[in-house]
Each structure stands twice: as structure tokens, then as C-alpha cells.
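See structure below.
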Amino acid sequence: MAEQRTTSAGIDMTERARRGGSPRTLRLGPQAVISLAALLVAGLLTHARWIEPTRLQVSHLFLRTAKLPPDTPEVTIVQLSDLHMHSLNSFHQRVAKTVNSLQPDLVVITGDIIGSSRFLAARRSDALDSALTAATAFIRLLNAKHGIFIVRGNNEMVVQKEVNNIVLDRLRATGTRVLCNQHQLLEIGGTPLYVLGADFFSFHPSLYADFRLLRNQGPPVVEAGPSLDNAYSHYVEAGSASWRNYECTGAMCYSGKGEVGVGVTVYSRFGTGEDRFYRLRWREGLPGFRLDAHGSPVRPVQSLFFPQPERWYRFRVRAESRTSCTRIRAKVWEQGSPEPSMWQLSMADSSNARHAQGTVGLWSHGAGNRRFAEISVKALGSDSVLLAGFSDNGGPDAVGWLDFALEREGVRAAARGVPPEAFMLLLAHSPDMVRAAEDLDIDLVLAGHTHGGQLRLPTGGALYSQTALGRKYAAGLFFFGKTKLYVNRGIGNAVLPFRFLCRPEITVIHLLPQDAEAKSNS
């Protein structure tokens, strides 16, 4: 007797064959194939455009560490990233409701909160205001026992650095802590935990300069190479952001032709992420050195002292905070010549935006090189020396100085002063910053920037990752020596409003003592 076989439709094929019939084969013509393919593509596009971008996923990550005492309660950290907000909608409200339902100890947002860095351009001011209004309204919806922490991504940073103040001020007005190459100590259940945050710029390297130590037989000299835009380095050691009533002295020179410039900065808020300061500088096209106020409406003050290339010039800048105003005075003279008895430049700032304290910095611009030597800061009315030249610990950079737009230095600045035995959590927009964190044995890095690729293949993973680490690191947990890296897929979208096999993600990190009961990641 023949074996009976049944199709999915339940037709007895053996019986049909016995009766002399044969199974019918479905044949599709070219037009039908094209129509079915079009329907399939339309369905996938509909899913990727309208369905998956709002199919929120909550991912749980359980991490144990010996740096937490055995009796430490679980620390719950909720990570959001890459909101790319233009306006506040029902999806964002659902995200906030979901976050709050997790009852986190802290919420962290790892950059790209607003929709695009183009919003920071003056011609897009309406878009910027709309995006910031939405972002700040969203942040105010979030609740966390120990606060909300944010780092700036490339969408919050542009080359026109004074514009960045707008975003920073609006975010800080929500009561959140924006960590700009800084750290914050938290006491959770009696256990210290350090939250570090480093800025991410994503600028082309030609736009800025690396300030490097030059070693010779004399005191160390710092040199900045060519840059197409303004380049900065600031002293950011602990306490320098609160310096006031001091004199900054030293020497500087420049080389190169064309649009070149050199200068120094006082009362700078750079160490807190702000572009607010007073600067003594010369730039091609100016008749001489000038005093500028950034972040204040005071007009520049101009001198007629014109520097020549390849010559060293000494300077003295005095910054004083008085009851009703801030006064900045400066003089410059060629090295080897007597110091002028009179101040060449004087500025009095009595505006509401005046700066009353801050650190010192170096400024460089254009082709050729700028060199700085013997930078010293001395408190007025005392013998207290706040800074005495450039300190050299054998590395490429002077100790305590931070260059603008160099992420590796931002990570180092954020970790400076943190005891190595404490648990360090670094918030860093780009996964590429894990290399600097690995050098410092930072315990955990939370990043975003990749959006998980947004579009992923079933077997090939992310089509594009925006990271030098490679597409493999577009999303998930990775290990770099003692450092763990988690890359969040983000909430919003960039460039294209599509997601495929890459749902928007909220990550919940459950931080546990080493001997806590093991749990599975999900």
C-alpha cells in the first residue's frame, strides 16, 4: 500500500494520482512577480518608516563589579541616546513614561539630543529654539532618584563655539547635570560612584590644532600646529575655574602667513564647557593686539602694537573682579625690550554677563605654528602662585591642559582626580572614545552615536556604524581590557527616518556587587 502524504492544504496527493490527476503547479507571470515584489518592498518600507521607529525596546544589562561592597544595593542606571528631537510627540512621552516606570537611580543621556547641528547656525535659529524647547520639555518629564546626567554629542557642538552656549544654558536650566569633560561624585547606598562625561565634536582634524610640548634645554614650550579655525587649550586643573584677581604672564610667538593669529585668555569658563572669557589676541588684519570679551556685550579694545613673525613677545594680563565691574588690562612687548610702564589695553565690563572668575588659556589660528612659554598665574595682593610654567610628566601634553575638540584629552580631563579604586562610569557619545577610557581602566563606558546602524541585515548586521571601531561595534556590549563598552541604538533617527531590524532602545544597566546573585542579560 502506498504511503499517504498530505500537503499543508490537506489534499490527499496519493488519491489524486490514483484517479489519474496530477498536482497543479502555481505559475506566476512576470507582471505578477513584479507586483508581488513591489508589495513586499512597500511593506518593508512601511514597516521601516512607520512601525519599527516607534517599537520601543527595553534592554537589560546586568553587570557585577568588585568595586561595590558586598552589601551595596543594586544601582539602576537608565541610558537614553540620540533623541534627535525636532518637537515633542507622543512617542517621546511614551519613552519618558517607560523610563520613569523603571524607577532608576540615575538617568543618563549620551548626546545628540537635538535634531541636527545645523540648528545651531544663526539662519536656523527657529529650528534650534523649537528643538531645545522640545528637548528641555522631554527632560523635565524624566524622574531619577540621583539625577539626570547628559553629555554633548556632535549635534550640540559646532565650530562657532560661542553658539554652543545656547544649548548648554538651556539644558542646564532644566536642573540636569551636563558633564563637559568633568566628573560628578554620587553616594548611592553609601557607596561612591563617579559619573564622568566627555564632549564629542566629530570635527575634521584640519579645523583645530593639538597643543604639544616641545622639549629642549630650557623650560618646556607648548606649540600649536596649523588650524583652519580657532584652536584652544585651557588649564583645567581642579580649582582653576574659580580663580579670580590674578595676573597672567608669559611669552608667545607665531609663524606663517595669511590669516594667522596668536593670543591668551583669562577668566575663561572653558573648564565648565562654556565659551565665555576675555582674550588678548592678535590676528592678521588687525592693526595690533586687541582685548575681546566673549559671552559679554562689551566692545573690543584695540591697540596699535603689531607683532612680527618668528619673534617672541612677552605679555602681562591683569584680571580683577570688583563690586560693580570686571576689569581687564594688558600689555605686550618684544622680548629683550623693557616692559612698558603703562597698560596698553584696558576693558571694564559692568554688564550683567560679565565674567568674575575663570581659568587661563592659549589661542591659535591659521597656517604655521604658535608657541607659548613660561605661562604663569599669580594671585594679586599675595605671593600665591596659581600656575608656574608648563609641567611635564613625560607625555605629549602639558599636565593639566585641555585642547578643544580632542576627545582623548576630554576623557583624561573627566577622569582627573578620580581615585582608581572607585567605580567609574563614563558617558561618551561615540564608541570610539573607549580607547582613551581603556588606557585609564575606566570600568564602564556608555555610548551611542551609531543608532545601531538604523538599517541592519538579518545576517550582516549594521550597514553603517559611524565609528572607527567598525560595524561590529554598532550596538551591544563589548570588552576592552578592564573596560566594558555598551553601545545604545538610540531613540531617534538621523539622515533617513527609517529603522529596520534595529528598534529604538532604552538600556537599563543593573549594577551589582561582585558576589551578588548572578542574573542573565536580556
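The chains in the C-alpha cells are called A, B, ... from first to last as shown; in each chain the residues are counted from 1, and the ligands are counted from 1 in the order shown.
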
Legend entry - Distance query A:Gly476 at most 10 Å, only C-alpha atoms, self and fewer than 5 positions along chain excluded, as a ChimeraX atom specification: /A:59,61,447,452,485-489,507

Inset, instruction - Output as an MDAnalysis selection string all residues of stretch 126-255 of chain A that backbone DSSP marks as strand (DSSP E). - result: chainID A and resid 148:151 177:178 182:188 191:198 211:214 221:224 227:235 246:254

Within 6 Å of stretch 155-166 of chain A: each stretch 57-148 of chain A residue with its shortest pair, only C-alpha atoms, as JSON lines:
{"residue": "A:Asp112", "atom": "CA", "partner": "A:Asn155", "partner_atom": "CA", "distance": 5.0}
{"residue": "A:Ser116", "atom": "CA", "partner": "A:Asn155", "partner_atom": "CA", "distance": 5.2}
{"residue": "A:Ser117", "atom": "CA", "partner": "A:Asn155", "partner_atom": "CA", "distance": 4.1}

Next, dump the selected residues to file, keeping only C-alpha atoms, as a tab-separated table (two decimals), in the first residue's frame.
chain	number	residue	atom	x	y	z
A	112	ASP	CA	22.64	64.19	20.17
A	116	SER	CA	20.89	68.41	13.95
A	117	SER	CA	23.99	70.54	14.49

Legend entry - Closest of A:Ala209, A:Leu402, A:Met347, A:Ala319 to A:Ser364 - atom-to-atom distances counting only C-alpha atoms: A:Ala209

Legend entry - Between atom CA of A:Asn100 and atom CA of A:Val78, distance in Å (one decimal):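 Distance reported for this atom pair: 9.4 Å.
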
Legend entry - atom CA of A:Ser90 to atom CA of A:Pro53, distance in Å rounded to a single decimal: 12.8 Å

Inset, instruction - Using only C-alpha atoms, determine which residues lie at most 9 Å from A:Ser324, disregarding the query and same-chain residues fewer than 5 positions distant; provide the list as a list of chain:residue names. - result: A:Asp349, A:Ser350, A:Ser351

Legend entry - Residues within 9 Å of stretch 424-426 of chain A, only C-alpha atoms, excluding chain neighbours under 2 positions, as a PyMOL selection string: chain A and resi 183+193-198+411+414-415+418+420-422+428+437+441-447

Inset, instruction - Could you please determine the separation between atom CA of A:Phe277 and atom CA of A:Glu374 in Å, to one decimal place? - result: 21.0 Å

Inset, instruction - Name all residues at most 8 Å from stretch 302-316 of chain A (count only C-alpha atoms; drop same-chain ones fewer than 5 positions away) and give them as a ChimeraX atom specification. - result: /A:247-256,282,287-291,330-335,344-345

Inset, instruction - For A:Ala48, list every protein, DNA or RNA residue within 12 Å, evaluated using only C-alpha atoms, and leave out those in the same chain fewer than 6 positions away; present the list as a PyMOL selection string. - result: chain A and resi 41-42+54-55+454-456+493+496-504

Kindly export the residues of the current selection with N, CA and C atoms, as a JSON list (two decimals), in the first residue's frame.
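Printed below is part.json as written:
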[["chain", "number", "residue", "atom", "x", "y", "z"],
["A", 41, "VAL", "N", 8.32, 45.16, -1.12],
["A", 41, "VAL", "CA", 9.13, 46.35, -0.86],
["A", 41, "VAL", "C", 8.30, 47.42, -0.15],
["A", 42, "ALA", "N", 7.09, 47.63, -0.60],
["A", 42, "ALA", "CA", 6.21, 48.63, 0.03],
["A", 42, "ALA", "C", 5.94, 48.27, 1.48],
["A", 54, "THR", "N", 9.00, 53.35, 16.15],
["A", 54, "THR", "CA", 8.30, 53.58, 17.43],
["A", 54, "THR", "C", 8.11, 52.30, 18.23],
["A", 55, "ARG", "N", 8.71, 51.18, 17.78],
["A", 55, "ARG", "CA", 8.60, 49.91, 18.52],
["A", 55, "ARG", "C", 9.71, 49.89, 19.57],
["A", 454, "GLN", "N", 20.81, 51.78, 12.32],
["A", 454, "GLN", "CA", 19.45, 52.10, 11.86],
["A", 454, "GLN", "C", 18.90, 51.05, 10.90],
["A", 455, "LEU", "N", 19.68, 50.67, 9.91],
["A", 455, "LEU", "CA", 19.26, 49.64, 8.96],
["A", 455, "LEU", "C", 20.22, 48.47, 9.10],
["A", 456, "ARG", "N", 19.69, 47.31, 9.45],
["A", 456, "ARG", "CA", 20.53, 46.12, 9.67],
["A", 456, "ARG", "C", 20.05, 44.98, 8.78],
["A", 493, "ASN", "N", 16.20, 59.12, 14.88],
["A", 493, "ASN", "CA", 16.82, 58.73, 13.62],
["A", 493, "ASN", "C", 17.59, 59.92, 13.05],
["A", 496, "LEU", "N", 17.97, 59.55, 7.47],
["A", 496, "LEU", "CA", 16.75, 58.93, 6.95],
["A", 496, "LEU", "C", 15.85, 58.53, 8.11],
["A", 497, "PRO", "N", 14.54, 58.73, 7.98],
["A", 497, "PRO", "CA", 13.62, 58.40, 9.09],
["A", 497, "PRO", "C", 13.21, 56.93, 9.09],
["A", 498, "PHE", "N", 14.19, 56.04, 8.93],
["A", 498, "PHE", "CA", 13.90, 54.61, 8.83],
["A", 498, "PHE", "C", 14.68, 53.83, 9.87],
["A", 499, "ARG", "N", 14.08, 52.73, 10.31],
["A", 499, "ARG", "CA", 14.77, 51.71, 11.10],
["A", 499, "ARG", "C", 14.31, 50.34, 10.60],
["A", 500, "PHE", "N", 15.30, 49.43, 10.49],
["A", 500, "PHE", "CA", 14.95, 48.08, 10.07],
["A", 500, "PHE", "C", 15.83, 47.09, 10.84],
["A", 501, "LEU", "N", 15.16, 46.16, 11.54],
["A", 501, "LEU", "CA", 15.84, 45.21, 12.43],
["A", 501, "LEU", "C", 16.72, 45.94, 13.44],
["A", 502, "CYS", "N", 16.27, 47.11, 13.85],
["A", 502, "CYS", "CA", 17.06, 47.96, 14.74],
["A", 502, "CYS", "C", 16.13, 48.87, 15.53],
["A", 503, "ARG", "N", 15.40, 48.28, 16.46],
["A", 503, "ARG", "CA", 14.38, 49.03, 17.20],
["A", 503, "ARG", "C", 15.02, 50.10, 18.09],
["A", 504, "PRO", "N", 14.33, 51.23, 18.32],
["A", 504, "PRO", "CA", 14.83, 52.22, 19.28],
["A", 504, "PRO", "C", 14.93, 51.59, 20.66]]

Legend entry - Residue nearest A:Ala462 among A:Cys325, A:Ile491, A:Ala475, A:Leu80 (counting only C-alpha atoms): A:Ala475

Inset, instruction - Identify, on the basis of only C-alpha atoms, every residue whose closest approach to A:His365 does not exceed 10 Å; exclude the query and any residue fewer than 3 positions from it along the same chain; express the result as JSON, numbers by chain. - result: {"A": [207, 208, 209, 224, 225, 226, 227, 228, 229, 230, 231, 232, 254, 259, 260, 261, 262, 263, 282, 283, 284, 368, 369, 370]}
